[in-house]
Structures are given as C-alpha cells and as structure tokens.
>>> print(open('work06.cif').read())   # mmCIF, C-alpha atoms
data_coords
loop_
_atom_site.group_PDB
_atom_site.id
_atom_site.type_symbol
_atom_site.label_atom_id
_atom_site.label_comp_id
_atom_site.auth_asym_id
_atom_site.auth_seq_id
_atom_site.Cartn_x
_atom_site.Cartn_y
_atom_site.Cartn_z
ATOM 1 C CA MET P 1 0.000 0.000 0.000
ATOM 2 C CA PRO P 2 1.555 3.355 -1.007
ATOM 3 C CA THR P 3 2.251 5.906 1.689
ATOM 4 C CA ALA P 4 0.313 9.180 1.783
ATOM 5 C CA LEU P 5 1.834 12.225 0.136
ATOM 6 C CA SER P 6 3.446 14.685 2.508
ATOM 7 C CA TYR P 7 2.671 18.403 2.382
ATOM 8 C CA PRO P 8 5.701 19.141 0.129
ATOM 9 C CA GLY P 9 4.551 16.290 -2.096
ATOM 10 C CA LEU P 10 1.068 17.744 -2.316
ATOM 11 C CA ARG P 11 2.548 21.130 -3.188
ATOM 12 C CA CYS P 12 4.475 19.547 -6.082
ATOM 13 C CA VAL P 13 1.310 17.898 -7.387
ATOM 14 C CA LEU P 14 -0.671 21.129 -7.165
ATOM 15 C CA GLU P 15 2.118 23.032 -8.894
ATOM 16 C CA PHE P 16 1.767 20.974 -12.084
ATOM 17 C CA LEU P 17 -2.018 20.730 -12.104
ATOM 18 C CA THR P 18 -3.816 22.891 -14.634
ATOM 19 C CA PRO P 19 -5.295 26.035 -13.035
ATOM 20 C CA MET P 20 -8.823 24.659 -13.345
ATOM 21 C CA LYS P 21 -8.003 21.282 -11.760
ATOM 22 C CA ARG P 22 -6.083 22.995 -8.984
ATOM 23 C CA LEU P 23 -8.975 25.353 -8.310
ATOM 24 C CA VAL P 24 -11.480 22.500 -8.289
ATOM 25 C CA THR P 25 -9.298 20.519 -5.831
ATOM 26 C CA PHE P 26 -9.284 23.355 -3.288
ATOM 27 C CA ILE P 27 -12.929 24.312 -3.858
ATOM 28 C CA LEU P 28 -14.222 20.764 -3.390
ATOM 29 C CA TYR P 29 -12.323 20.410 -0.132
ATOM 30 C CA SER P 30 -13.150 23.866 1.237
ATOM 31 C CA CYS P 31 -16.869 23.423 0.482
ATOM 32 C CA LEU P 32 -17.171 20.109 2.319
ATOM 33 C CA ASP P 33 -19.817 20.104 5.032
ATOM 34 C CA LEU P 34 -18.282 20.193 8.516
ATOM 35 C CA ARG P 35 -19.787 16.773 9.250
ATOM 36 C CA TYR P 36 -17.436 15.352 6.613
ATOM 37 C CA ARG P 37 -14.535 17.790 6.698
ATOM 38 C CA ILE P 38 -13.789 17.393 10.407
ATOM 39 C CA PRO P 39 -13.525 13.568 10.426
ATOM 40 C CA ILE P 40 -11.624 13.525 7.104
ATOM 41 C CA VAL P 41 -9.031 15.992 8.404
ATOM 42 C CA SER P 42 -8.651 14.128 11.714
ATOM 43 C CA ARG P 43 -7.694 10.941 9.828
ATOM 44 C CA ASN P 44 -5.395 12.478 7.218
ATOM 45 C CA TYR P 45 -2.080 14.036 8.217
ATOM 46 C CA SER P 46 -1.553 15.747 4.843
ATOM 47 C CA LEU P 47 -4.917 17.485 5.013
ATOM 48 C CA ARG P 48 -4.332 18.474 8.648
ATOM 49 C CA THR P 49 -1.184 20.252 7.508
ATOM 50 C CA ILE P 50 -2.960 22.468 4.972
ATOM 51 C CA ASP P 51 -6.411 22.574 6.565
ATOM 52 C CA LYS P 52 -5.848 25.837 8.447
ATOM 53 C CA THR P 53 -4.841 27.638 5.238
ATOM 54 C CA ILE P 54 -8.053 26.749 3.368
ATOM 55 C CA PRO P 55 -11.135 28.917 4.092
ATOM 56 C CA LEU P 56 -13.910 27.295 6.072
ATOM 57 C CA ILE P 57 -17.529 27.819 4.997
ATOM 58 C CA ILE P 58 -20.249 27.455 7.662
ATOM 59 C CA GLU P 59 -23.953 27.814 6.899
ATOM 60 C CA LYS P 60 -25.027 28.321 10.530
ATOM 61 C CA PHE P 61 -22.822 29.081 13.514
ATOM 62 C CA GLU P 62 -23.854 29.718 17.108
ATOM 63 C CA ILE P 63 -21.608 30.201 20.081
ATOM 64 C CA ASN P 64 -22.262 30.777 23.769
ATOM 65 C CA LYS P 65 -20.823 29.786 27.113
ATOM 66 C CA ASN P 66 -22.122 26.217 27.002
ATOM 67 C CA CYS P 67 -22.598 25.396 23.338
ATOM 68 C CA LEU P 68 -21.017 25.390 19.865
ATOM 69 C CA ASN P 69 -23.373 24.848 16.943
ATOM 70 C CA LEU P 70 -21.621 24.305 13.596
ATOM 71 C CA ASN P 71 -24.414 23.714 11.089
ATOM 72 C CA ASP P 72 -26.044 20.618 12.659
ATOM 73 C CA TYR P 73 -22.903 19.529 14.480
ATOM 74 C CA VAL P 74 -23.582 20.535 18.118
ATOM 75 C CA ILE P 75 -21.180 20.408 21.054
ATOM 76 C CA TYR P 76 -22.633 21.209 24.468
ATOM 77 C CA ASN P 77 -21.062 21.623 27.862
ATOM 78 C CA TYR P 78 -22.590 19.962 30.909
ATOM 79 C CA SER P 79 -21.472 19.434 34.502
ATOM 80 C CA ASP P 80 -19.148 16.444 34.039
ATOM 81 C CA GLY P 81 -18.160 16.523 30.390
ATOM 82 C CA LEU P 82 -19.022 17.298 26.770
ATOM 83 C CA GLY P 83 -21.909 16.058 24.662
ATOM 84 C CA PHE P 84 -21.868 15.740 20.882
ATOM 85 C CA THR P 85 -24.654 15.409 18.308
ATOM 86 C CA ASN P 86 -24.113 15.175 14.577
ATOM 87 C CA GLY P 87 -27.553 16.258 13.318
ATOM 88 C CA ARG P 88 -28.486 12.716 12.308
ATOM 89 C CA GLY P 89 -29.759 11.458 15.639
ATOM 90 C CA LYS P 90 -26.427 10.180 16.928
ATOM 91 C CA CYS P 91 -25.263 11.421 20.327
ATOM 92 C CA PHE P 92 -22.312 10.579 22.510
ATOM 93 C CA GLU P 93 -20.578 12.028 25.566
ATOM 94 C CA ARG P 94 -17.052 12.343 26.868
ATOM 95 C CA ILE P 95 -16.182 12.838 30.551
ATOM 96 C CA TYR P 96 -13.681 15.569 31.452
ATOM 97 C CA PRO P 97 -10.270 14.574 32.780
ATOM 98 C CA SER P 98 -10.076 15.419 36.457
ATOM 99 C CA ASN P 99 -7.650 18.302 35.869
ATOM 100 C CA LEU P 100 -9.588 19.931 32.994
ATOM 101 C CA LYS P 101 -12.077 22.734 33.593
ATOM 102 C CA PRO P 102 -15.185 23.122 31.364
ATOM 103 C CA GLU P 103 -13.999 26.493 30.006
ATOM 104 C CA GLU P 104 -10.620 25.017 29.056
ATOM 105 C CA ALA P 105 -12.319 22.111 27.300
ATOM 106 C CA MET P 106 -14.464 24.463 25.199
ATOM 107 C CA LYS P 107 -11.392 26.553 24.336
ATOM 108 C CA LYS P 108 -9.516 23.476 23.128
ATOM 109 C CA LEU P 109 -12.469 22.409 20.993
ATOM 110 C CA LEU P 110 -12.905 25.849 19.457
ATOM 111 C CA ASN P 111 -9.202 26.085 18.629
ATOM 112 C CA SER P 112 -9.194 22.571 17.231
ATOM 113 C CA TYR P 113 -12.123 23.155 14.856
ATOM 114 C CA LEU P 114 -11.882 26.837 14.026
ATOM 115 C CA GLY P 115 -8.723 28.358 15.477
ATOM 116 C CA VAL P 116 -5.911 30.099 13.541
ATOM 117 C CA ARG P 117 -7.568 29.933 10.120
ATOM 118 C CA SER P 118 -7.011 32.151 7.117
ATOM 119 C CA LYS P 119 -10.746 32.799 6.668
ATOM 120 C CA ILE P 120 -13.988 31.622 8.249
ATOM 121 C CA TYR P 121 -17.086 32.448 6.201
ATOM 122 C CA VAL P 122 -20.420 32.213 8.014
ATOM 123 C CA LYS P 123 -23.722 32.608 6.227
ATOM 124 C CA CYS P 124 -25.793 33.056 9.395
ATOM 125 C CA PHE P 125 -24.255 33.846 12.793
ATOM 126 C CA PHE P 126 -26.404 33.449 15.930
ATOM 127 C CA PHE P 127 -25.315 35.580 18.865
ATOM 128 C CA ASN P 128 -27.435 36.269 21.958
ATOM 129 C CA ARG P 129 -24.948 36.745 24.798
ATOM 130 C CA GLU P 130 -21.533 38.200 25.509
ATOM 131 C CA ILE P 131 -18.482 36.629 23.894
ATOM 132 C CA PRO P 132 -17.424 33.643 26.060
ATOM 133 C CA GLU P 133 -14.073 33.944 27.781
ATOM 134 C CA PHE P 134 -12.670 30.928 25.921
ATOM 135 C CA VAL P 135 -12.854 32.775 22.554
ATOM 136 C CA THR P 136 -9.352 33.972 21.631
ATOM 137 C CA PRO P 137 -8.680 37.494 20.253
ATOM 138 C CA ASN P 138 -7.520 36.145 16.868
ATOM 139 C CA PHE P 139 -10.861 34.398 16.260
ATOM 140 C CA ILE P 140 -12.469 36.381 13.413
ATOM 141 C CA LEU P 141 -15.599 35.606 11.371
ATOM 142 C CA GLN P 142 -16.749 37.020 8.053
ATOM 143 C CA ILE P 143 -20.546 36.876 8.050
ATOM 144 C CA ASN P 144 -23.510 37.673 5.811
ATOM 145 C CA GLU P 145 -26.417 37.463 8.246
ATOM 146 C CA LEU P 146 -26.598 38.091 11.979
ATOM 147 C CA ARG P 147 -29.312 36.981 14.389
ATOM 148 C CA CYS P 148 -28.825 38.654 17.737
ATOM 149 C CA CYS P 149 -30.203 40.650 20.631
ATOM 150 C CA PHE P 150 -29.139 44.306 20.604
ATOM 151 C CA LYS P 151 -28.561 44.151 24.330
ATOM 152 C CA TYR P 152 -25.154 42.622 23.573
ATOM 153 C CA ILE P 153 -24.507 43.962 20.090
ATOM 154 C CA ASP P 154 -21.286 45.818 20.930
ATOM 155 C CA GLY P 155 -19.909 42.689 22.550
ATOM 156 C CA PHE P 156 -19.644 40.667 19.355
ATOM 157 C CA LEU P 157 -17.986 43.338 17.163
ATOM 158 C CA PRO P 158 -14.384 42.278 18.030
ATOM 159 C CA ILE P 159 -14.877 38.860 16.398
ATOM 160 C CA ILE P 160 -16.585 40.140 13.199
ATOM 161 C CA ASP P 161 -14.410 41.033 10.219
ATOM 162 C CA SER P 162 -15.016 44.654 9.198
ATOM 163 C CA SER P 163 -15.532 43.532 5.586
ATOM 164 C CA SER P 164 -18.823 41.942 6.737
ATOM 165 C CA PHE P 165 -20.450 45.365 7.044
ATOM 166 C CA PRO P 166 -22.921 46.427 5.899
ATOM 167 C CA LEU P 167 -24.661 43.165 6.695
ATOM 168 C CA LYS P 168 -26.899 41.618 4.075
ATOM 169 C CA THR P 169 -29.447 40.654 6.748
ATOM 170 C CA LEU P 170 -29.835 41.583 10.408
ATOM 171 C CA SER P 171 -32.451 39.661 12.416
ATOM 172 C CA THR P 172 -32.707 41.139 15.878
ATOM 173 C CA ALA P 173 -34.686 42.076 18.901
ATOM 174 C CA ILE P 174 -34.626 45.794 19.657
ATOM 175 C CA CYS P 175 -34.391 46.373 23.387
ATOM 176 C CA GLU P 176 -33.757 50.108 23.740
ATOM 177 C CA LEU P 177 -34.472 53.316 21.874
ATOM 178 C CA THR P 178 -30.746 53.980 21.386
ATOM 179 C CA ASN P 179 -30.487 50.793 19.309
ATOM 180 C CA LEU P 180 -32.261 52.586 16.451
ATOM 181 C CA ASN P 181 -29.144 54.681 15.791
ATOM 182 C CA HIS P 182 -26.657 51.832 15.982
ATOM 183 C CA PRO P 183 -24.572 51.722 12.758
ATOM 184 C CA VAL P 184 -24.933 47.936 12.481
ATOM 185 C CA LEU P 185 -28.713 48.371 12.375
ATOM 186 C CA THR P 186 -28.909 51.463 10.193
ATOM 187 C CA SER P 187 -26.501 50.080 7.581
ATOM 188 C CA ALA P 188 -28.040 46.605 7.191
ATOM 189 C CA GLN P 189 -29.424 45.953 3.721
ATOM 190 C CA GLU P 190 -32.347 44.040 5.230
ATOM 191 C CA LEU P 191 -33.624 44.395 8.800
ATOM 192 C CA ILE P 192 -35.862 41.742 10.377
ATOM 193 C CA VAL P 193 -37.353 42.838 13.711
ATOM 194 C CA LEU P 194 -38.122 39.807 15.869
ATOM 195 C CA TYR P 195 -39.631 41.731 18.777
ATOM 196 C CA GLY P 196 -39.177 45.072 20.435
ATOM 197 C CA PHE P 197 -40.551 47.752 22.720
ATOM 198 C CA ASP P 198 -43.828 49.703 22.710
ATOM 199 C CA GLY P 199 -45.037 48.189 19.470
ATOM 200 C CA LEU P 200 -41.905 49.629 17.804
ATOM 201 C CA THR P 201 -43.708 52.852 16.964
ATOM 202 C CA GLN P 202 -40.389 54.646 17.408
ATOM 203 C CA LEU P 203 -38.794 52.657 14.600
ATOM 204 C CA ILE P 204 -41.763 53.209 12.301
ATOM 205 C CA LYS P 205 -41.713 56.964 12.971
ATOM 206 C CA HIS P 206 -37.929 57.083 12.940
ATOM 207 C CA ASN P 207 -36.269 58.332 9.775
ATOM 208 C CA ASN P 208 -34.222 55.160 9.412
ATOM 209 C CA THR P 209 -32.150 54.365 6.332
ATOM 210 C CA ASN P 210 -32.999 50.666 5.951
ATOM 211 C CA LYS P 211 -34.710 50.072 2.609
ATOM 212 C CA ARG P 212 -36.083 46.631 3.522
ATOM 213 C CA VAL P 213 -37.627 46.019 6.950
ATOM 214 C CA THR P 214 -39.754 43.076 8.113
ATOM 215 C CA PHE P 215 -41.767 43.047 11.340
ATOM 216 C CA GLU P 216 -42.575 39.623 12.743
ATOM 217 C CA LYS P 217 -45.607 38.763 14.879
ATOM 218 C CA TYR P 218 -46.687 40.833 17.882
ATOM 219 C CA ASN P 219 -44.347 43.709 17.108
ATOM 220 C CA PHE P 220 -46.758 46.432 16.052
ATOM 221 C CA ARG P 221 -50.313 47.748 16.256
ATOM 222 C CA PRO P 222 -52.726 48.371 13.363
ATOM 223 C CA VAL P 223 -52.387 52.123 13.862
ATOM 224 C CA ASP P 224 -48.609 51.818 13.369
ATOM 225 C CA LEU P 225 -49.129 50.918 9.714
ATOM 226 C CA LEU P 226 -51.331 53.977 9.254
ATOM 227 C CA VAL P 227 -48.720 56.206 10.938
ATOM 228 C CA LEU P 228 -46.051 54.811 8.613
ATOM 229 C CA ILE P 229 -48.050 55.489 5.444
ATOM 230 C CA GLU P 230 -49.048 58.983 6.563
ATOM 231 C CA ASN P 231 -45.415 59.774 7.436
ATOM 232 C CA TRP P 232 -44.249 58.676 3.971
ATOM 233 C CA MET P 233 -47.052 60.687 2.346
ATOM 234 C CA LYS P 234 -46.003 63.811 4.210
ATOM 235 C CA ASN P 235 -42.209 63.540 4.137
ATOM 236 C CA GLY P 236 -41.600 61.296 1.134
ATOM 237 C CA LYS P 237 -39.476 58.157 0.976
ATOM 238 C CA GLU P 238 -36.815 56.726 -1.325
ATOM 239 C CA ILE P 239 -38.157 54.643 -4.193
ATOM 240 C CA GLY P 240 -37.589 50.956 -3.508
ATOM 241 C CA THR P 241 -38.157 51.180 0.271
ATOM 242 C CA THR P 242 -40.198 48.161 1.395
ATOM 243 C CA PHE P 243 -41.667 47.416 4.831
ATOM 244 C CA LYS P 244 -43.389 44.094 5.553
ATOM 245 C CA PHE P 245 -45.745 43.386 8.465
ATOM 246 C CA HIS P 246 -46.925 39.935 9.453
ATOM 247 C CA ASP P 247 -50.728 39.904 9.545
ATOM 248 C CA TYR P 248 -52.979 37.487 11.363
ATOM 249 C CA GLU P 249 -54.985 34.804 9.584
ATOM 250 C CA ASP P 250 -58.160 36.901 9.823
ATOM 251 C CA ASN P 251 -56.351 39.798 8.045
ATOM 252 C CA HIS P 252 -57.272 42.143 10.894
ATOM 253 C CA TYR P 253 -54.561 44.685 10.052
ATOM 254 C CA MET P 254 -55.356 44.776 6.340
ATOM 255 C CA HIS P 255 -59.054 45.326 7.084
ATOM 256 C CA PHE P 256 -58.062 48.247 9.299
ATOM 257 C CA LEU P 257 -56.015 49.857 6.503
ATOM 258 C CA LEU P 258 -58.777 49.353 3.944
ATOM 259 C CA ARG P 259 -61.212 51.066 6.280
ATOM 260 C CA GLU P 260 -58.936 54.016 7.120
ATOM 261 C CA LEU P 261 -57.614 54.526 3.562
ATOM 262 C CA LYS P 262 -60.693 53.532 1.590
ATOM 263 C CA GLU P 263 -60.293 56.464 -0.823
ATOM 264 C CA PHE P 264 -57.070 54.869 -2.116
ATOM 265 C CA LYS P 265 -58.488 51.373 -2.563
ATOM 266 C CA ILE P 266 -58.175 49.749 -5.986
ATOM 267 C CA GLU P 267 -61.285 47.873 -7.062
ATOM 268 C CA SER P 268 -60.877 44.308 -8.314
ATOM 269 C CA ASP P 269 -62.544 43.060 -11.478
ATOM 270 C CA HIS P 270 -62.824 39.557 -9.885
ATOM 271 C CA HIS P 271 -61.129 37.996 -12.917
ATOM 272 C CA SER P 272 -57.517 38.549 -11.911
ATOM 273 C CA GLN P 273 -55.595 39.249 -8.734
ATOM 274 C CA VAL P 274 -55.089 42.998 -8.366
ATOM 275 C CA THR P 275 -51.817 44.214 -6.882
ATOM 276 C CA PRO P 276 -51.603 46.504 -5.026
ATOM 277 C CA ILE P 277 -54.792 46.706 -2.963
ATOM 278 C CA LEU P 278 -54.066 50.333 -2.004
ATOM 279 C CA ARG P 279 -52.267 52.959 -4.060
ATOM 280 C CA VAL P 280 -51.388 56.128 -2.146
ATOM 281 C CA PRO P 281 -49.721 59.038 -3.994
ATOM 282 C CA ILE P 282 -46.718 60.831 -2.506
ATOM 283 C CA ASP P 283 -45.927 63.272 -5.322
ATOM 284 C CA ALA P 284 -45.742 63.328 -9.113
ATOM 285 C CA PHE P 285 -42.868 60.836 -9.110
ATOM 286 C CA ALA P 286 -43.616 58.275 -6.376
ATOM 287 C CA GLU P 287 -46.492 56.493 -4.711
ATOM 288 C CA ILE P 288 -47.069 53.938 -1.959
ATOM 289 C CA HIS P 289 -48.356 50.504 -2.886
ATOM 290 C CA VAL P 290 -49.949 48.302 -0.212
ATOM 291 C CA SER P 291 -50.471 44.616 -0.997
ATOM 292 C CA GLN P 292 -50.531 41.215 0.700
ATOM 293 C CA ASP P 293 -48.214 38.358 -0.257
ATOM 294 C CA ASN P 294 -48.703 34.593 -0.106
ATOM 295 C CA GLU P 295 -47.053 34.359 3.325
ATOM 296 C CA ASN P 296 -49.652 36.626 4.926
ATOM 297 C CA TYR P 297 -47.420 39.699 5.106
ATOM 298 C CA ILE P 298 -48.708 43.192 4.399
ATOM 299 C CA VAL P 299 -46.205 44.771 2.010
ATOM 300 C CA VAL P 300 -45.854 48.568 1.995
ATOM 301 C CA GLU P 301 -43.450 49.793 -0.702
ATOM 302 C CA VAL P 302 -42.548 53.003 -2.496
ATOM 303 C CA VAL P 303 -42.526 52.751 -6.299
ATOM 304 C CA SER P 304 -42.234 55.088 -9.259
ATOM 305 C CA SER P 305 -45.604 56.563 -10.119
ATOM 306 C CA LYS P 306 -47.167 56.437 -13.567
ATOM 307 C CA ASN P 307 -46.877 60.213 -13.750
ATOM 308 C CA GLU P 308 -43.087 59.892 -13.755
ATOM 309 C CA ILE P 309 -43.231 57.476 -16.689
ATOM 310 C CA ASP P 310 -45.615 59.785 -18.538
ATOM 311 C CA ALA P 311 -43.367 62.765 -17.843
ATOM 312 C CA THR P 312 -40.360 60.883 -19.232
ATOM 313 C CA GLU P 313 -42.302 59.938 -22.351
ATOM 314 C CA VAL P 314 -43.429 63.527 -22.850
ATOM 315 C CA GLN P 315 -39.864 64.790 -22.488
ATOM 316 C CA GLY P 316 -38.640 62.157 -24.935
ATOM 317 C CA SER P 317 -41.302 63.006 -27.515
ATOM 318 C CA SER P 318 -40.627 66.742 -27.194
ATOM 319 C CA LYS P 319 -36.928 66.142 -27.856
ATOM 320 C CA LYS P 320 -37.787 64.121 -30.956
ATOM 321 C CA GLU P 321 -40.033 66.938 -32.197
ATOM 322 C CA ARG P 322 -37.229 69.469 -31.729
ATOM 323 C CA LYS P 323 -34.802 67.264 -33.653
ATOM 324 C CA SER P 324 -37.290 66.810 -36.510
#
>>> encode(input="work06.cif", output="structure tokens")
Amino acid sequence: MPTALSYPGLRCVLEFLTPMKRLVTFILYSCLDLRYRIPIVSRNYSLRTIDKTIPLIIEKFEINKNCLNLNDYVIYNYSDGLGFTNGRGKCFERIYPSNLKPEEAMKKLLNSYLGVRSKIYVKCFFFNREIPEFVTPNFILQINELRCCFKYIDGFLPIIDSSSFPLKTLSTAICELTNLNHPVLTSAQELIVLYGFDGLTQLIKHNNTNKRVTFEKYNFRPVDLLVLIENWMKNGKEIGTTFKFHDYEDNHYMHFLLRELKEFKIESDHHSQVTPILRVPIDAFAEIHVSQDNENYIVVEVVSSKNEIDATEVQGSSKKERKS
C-alpha cells in the first residue's frame, strides 16, 4: 500500500495541475460540510497540515458559554463533560479529565475546529450573549447574516471582520431606543425585527435608512401601519423602500387599513388578482403601494408613479419633435 503524500509532495502535485483542476481541488475540499470535513481531516495528516490555510464555509454558527453549533454539528457543555450530536440522531458524551475545567475544554475544541484559520465564512451567525471567555482574540468571522439581541450587540464586534459590514441581513430584537441609531442596524441591507418595545412605533416613525424592513408577529399595532403610510405621504421616501408586516390569519390589520384609507383602494374586477390593494400618492414621481403576499405579510413599498413614466415619455417626444 503506497504511503500518503506529505505536504511538500502535495505542493508539487498542485504546482503541475492545470489552473482549473487545482482550483477544483481546493474548492471541493473547502466546500465540504463540517460533518465530513472534520472527520476527514482528523484521519489524514496531509490534510491536517494544509487545513488551516483553506477557508472554512459554515452555513449556521452559534456560540455561547455552554454550546457550539456548527451547522447541525452541536457540542454542548454539561457538569461532568461534553456532549456531541451530529444532526443525524447520533449522540455521545465524553467525561472531562479530572484536571480539565469546562472552560478550558471548550477553548480546546474551538481552537481545534476553528482556530488560527485564514478565513472563516459564516452565512448566518447566531449571537445572543456576551463573547465567552474561551474565545481567543484572533478568532475572526466574516458573516452575511446576523441573528442577535441588541442588548449585547457591541460585545460581538471584536470577532466580526469589518468587511462583513454592511450586513446583508440583520435579524434582531430591539431592546432600547438607542439601538435605532446603531450603525450595524442602520446600515443593514435588510432588517428583520423579531420583537421590540412599545409596538416599535419609534422605529416606524424614525427616519431610518434601511430600505427593507420586516416586522414579525406581535411587534406592532394596526395604527402603526397607518402612521407609517401617513409619514411617507407627508415627508416622502426613497423609491424601492419596502416594509413588511406579518398579519394574522383573519387579516385584521389589512381590514383596518382598507377602512382608514378607503379612498385609495383599488377595485378588483374579480377575474384577476389585483396588486396593489391600495395605491397612495406621494408626489408626481412616487407612490405607496400596499399589498398582501402569499405568506400573509402586508407589504408597503414606495414605487415610481405612472406620472413619472408619462413625464419621461413627454420629455422624450418633445426632444424628438425638436430634432425633426
């Protein structure tokens, strides 16, 4: 049986591979699910040698004092040892050595799986508490989406690569009024509000810069939607801004809007689905469309009005007339 190639041997092989084959070799390995990558690396000395230099891609990552969740690979800390589950129903435990503290055990595990790497890419990072003490200063994540509680939002910033901002998606609870001005919140491309304070009327009235905002259940009152629309009518809003509000199955909030803004209701011809249900003008160039999607969300968005299109056509035709 031939012996495995050493790291220098692997480097020689990679050197003479075509660029495409070399790229595919690294991509296939770096994209392996953690359930397969971790056991493969632990059994292969050559891969262990280069593993830390190859970026790690994690779909879902959660960390707290007593738990590491790497996709579906979960490691949890209990009184006498560590428990492991692999996401496929298999569980096993390992008792601590008598001289090993729980915090030290978690630090060793974190360093073994994720420590001292060139890049760690995380699609969705869950963070609800302060950074545990066993996380080292050189532990840095590059993330796309963050699910957190703003009570601890400043605590996680040291372990997030600055290139992650602005975030593509921020799913969060909003605990205090000052959170509305936090740069992580105001710069997020999409904001999902899980729950908050006082029906979140402050956020709805606030002149925030997020173009896409979604409110989940129990976060607002029917009158909040009316306040939002009236505020946009009065002060205007950037075209493309979209707010979504989860309605109840009886469409209580939509019925309220239809009653309060009945003069802007669009009548249906009963032969096709009419979108939007409400059309509220802002000015000659923009208007507010209110509709309801298939997931029972009320969608309030600012779009270009027909008057703007007409004005463009008129300008275009007048220029043609001048040229002729």
>>> closest_residue(input="work06.cif", among="P:Gln142, P:Gln189, P:Ser291, P:Asn210", to="P:Ile58", atoms="all atoms listed in the file")
P:Gln142
>>> residues_around(input="work06.cif", residues="stretch 166-182 of chain P", least_positions_apart="5", cutoff="8 Å", atoms="all atoms listed in the file", output="number ranges by chain")
P: 143-151, 187-197, 202-203, 208
>>> residues_near_point(input="work06.cif", point="(-47.9, 42.6, 8.7)", cutoff="8 Å", atoms="only C-alpha atoms", output="VMD selection string")
chain P and resid 215 to 217 244 to 248 253 296 to 299
>>> closest_residue(input="work06.cif", among="P:Val213, P:Ala284, P:Cys124, P:Leu109", to="P:Lys60", atoms="all atoms listed in the file")
P:Cys124
>>> residues_around(input="work06.cif", residues="P:Ile131", least_positions_apart="4", cutoff="7 Å", atoms="all atoms listed in the file", output="PyMOL selection string")
chain P and resi 64+135+155-156
>>> residues_around(input="work06.cif", residues="P:Arg88", least_positions_apart="3", cutoff="10 Å", atoms="all atoms listed in the file", output="list of chain:residue names")
P:Asp72, P:Tyr73, P:Thr85, P:Cys91
>>> write_last_selection(input="work06.cif", atoms="C-alpha atoms", output="PDB file, in the coordinates of the input")
ATOM      1  CA  ASP P  72     -26.044  20.618  12.659  1.00  0.00           C
ATOM      2  CA  TYR P  73     -22.903  19.529  14.480  1.00  0.00           C
ATOM      3  CA  THR P  85     -24.654  15.409  18.308  1.00  0.00           C
ATOM      4  CA  CYS P  91     -25.263  11.421  20.327  1.00  0.00           C
TER       5      CYS P  91
END
>>> closest_residue(input="work06.cif", among="P:Ile63, P:Val184, P:Ala105, P:Met254", to="P:Leu157", atoms="all atoms listed in the file")
P:Val184
>>> closest_residue(input="work06.cif", among="P:Lys107, P:Tyr113, P:Tyr152, P:Gly236", to="P:Pro137", atoms="all atoms listed in the file")
P:Lys107
>>> atom_distance(input="work06.cif", atom1="atom CA of P:Lys65", atom2="atom CA of P:Ile160")
17.9 Å
>>> decode(input="work06.cif", residues="stretch 227-246 of chain P", atoms="N, CA and C atoms", output="PDB file, in the first residue's frame")
ATOM      1  N   VAL P 227     -49.704  55.160  10.641  1.00  0.00           N
ATOM      2  CA  VAL P 227     -48.720  56.206  10.938  1.00  0.00           C
ATOM      3  C   VAL P 227     -47.581  56.163   9.929  1.00  0.00           C
ATOM      4  N   LEU P 228     -47.134  54.963   9.585  1.00  0.00           N
ATOM      5  CA  LEU P 228     -46.051  54.811   8.613  1.00  0.00           C
ATOM      6  C   LEU P 228     -46.443  55.398   7.258  1.00  0.00           C
ATOM      7  N   ILE P 229     -47.605  55.019   6.761  1.00  0.00           N
ATOM      8  CA  ILE P 229     -48.050  55.489   5.444  1.00  0.00           C
ATOM      9  C   ILE P 229     -48.236  57.000   5.435  1.00  0.00           C
ATOM     10  N   GLU P 230     -48.840  57.537   6.493  1.00  0.00           N
ATOM     11  CA  GLU P 230     -49.048  58.983   6.563  1.00  0.00           C
ATOM     12  C   GLU P 230     -47.717  59.726   6.636  1.00  0.00           C
ATOM     13  N   ASN P 231     -46.742  59.162   7.340  1.00  0.00           N
ATOM     14  CA  ASN P 231     -45.415  59.774   7.436  1.00  0.00           C
ATOM     15  C   ASN P 231     -44.738  59.805   6.064  1.00  0.00           C
ATOM     16  N   TRP P 232     -44.833  58.720   5.311  1.00  0.00           N
ATOM     17  CA  TRP P 232     -44.249  58.676   3.971  1.00  0.00           C
ATOM     18  C   TRP P 232     -44.981  59.620   3.022  1.00  0.00           C
ATOM     19  N   MET P 233     -46.290  59.749   3.185  1.00  0.00           N
ATOM     20  CA  MET P 233     -47.052  60.687   2.346  1.00  0.00           C
ATOM     21  C   MET P 233     -46.591  62.121   2.581  1.00  0.00           C
ATOM     22  N   LYS P 234     -46.345  62.439   3.844  1.00  0.00           N
ATOM     23  CA  LYS P 234     -46.003  63.811   4.210  1.00  0.00           C
ATOM     24  C   LYS P 234     -44.545  64.151   3.894  1.00  0.00           C
ATOM     25  N   ASN P 235     -43.641  63.241   4.232  1.00  0.00           N
ATOM     26  CA  ASN P 235     -42.209  63.540   4.137  1.00  0.00           C
ATOM     27  C   ASN P 235     -41.516  62.884   2.952  1.00  0.00           C
ATOM     28  N   GLY P 236     -42.216  61.993   2.249  1.00  0.00           N
ATOM     29  CA  GLY P 236     -41.600  61.296   1.134  1.00  0.00           C
ATOM     30  C   GLY P 236     -40.720  60.152   1.601  1.00  0.00           C
ATOM     31  N   LYS P 237     -40.325  59.292   0.667  1.00  0.00           N
ATOM     32  CA  LYS P 237     -39.476  58.157   0.976  1.00  0.00           C
ATOM     33  C   LYS P 237     -38.795  57.698  -0.297  1.00  0.00           C
ATOM     34  N   GLU P 238     -37.585  57.160  -0.164  1.00  0.00           N
ATOM     35  CA  GLU P 238     -36.815  56.726  -1.325  1.00  0.00           C
ATOM     36  C   GLU P 238     -37.528  55.598  -2.060  1.00  0.00           C
ATOM     37  N   ILE P 239     -37.538  55.683  -3.377  1.00  0.00           N
ATOM     38  CA  ILE P 239     -38.157  54.643  -4.193  1.00  0.00           C
ATOM     39  C   ILE P 239     -37.415  53.328  -3.982  1.00  0.00           C
ATOM     40  N   GLY P 240     -38.158  52.263  -3.787  1.00  0.00           N
ATOM     41  CA  GLY P 240     -37.589  50.956  -3.508  1.00  0.00           C
ATOM     42  C   GLY P 240     -37.682  50.556  -2.045  1.00  0.00           C
ATOM     43  N   THR P 241     -38.009  51.492  -1.149  1.00  0.00           N
ATOM     44  CA  THR P 241     -38.157  51.180   0.271  1.00  0.00           C
ATOM     45  C   THR P 241     -39.349  50.244   0.464  1.00  0.00           C
ATOM     46  N   THR P 242     -39.147  49.161   1.197  1.00  0.00           N
ATOM     47  CA  THR P 242     -40.198  48.161   1.395  1.00  0.00           C
ATOM     48  C   THR P 242     -40.248  47.743   2.859  1.00  0.00           C
ATOM     49  N   PHE P 243     -41.422  47.883   3.471  1.00  0.00           N
ATOM     50  CA  PHE P 243     -41.667  47.416   4.831  1.00  0.00           C
ATOM     51  C   PHE P 243     -42.705  46.299   4.768  1.00  0.00           C
ATOM     52  N   LYS P 244     -42.457  45.212   5.518  1.00  0.00           N
ATOM     53  CA  LYS P 244     -43.389  44.094   5.553  1.00  0.00           C
ATOM     54  C   LYS P 244     -43.851  43.863   6.993  1.00  0.00           C
ATOM     55  N   PHE P 245     -45.148  43.587   7.152  1.00  0.00           N
ATOM     56  CA  PHE P 245     -45.745  43.386   8.465  1.00  0.00           C
ATOM     57  C   PHE P 245     -46.521  42.073   8.455  1.00  0.00           C
ATOM     58  N   HIS P 246     -46.212  41.208   9.403  1.00  0.00           N
ATOM     59  CA  HIS P 246     -46.925  39.935   9.453  1.00  0.00           C
ATOM     60  C   HIS P 246     -48.343  40.150   9.975  1.00  0.00           C
TER      61      HIS P 246
END
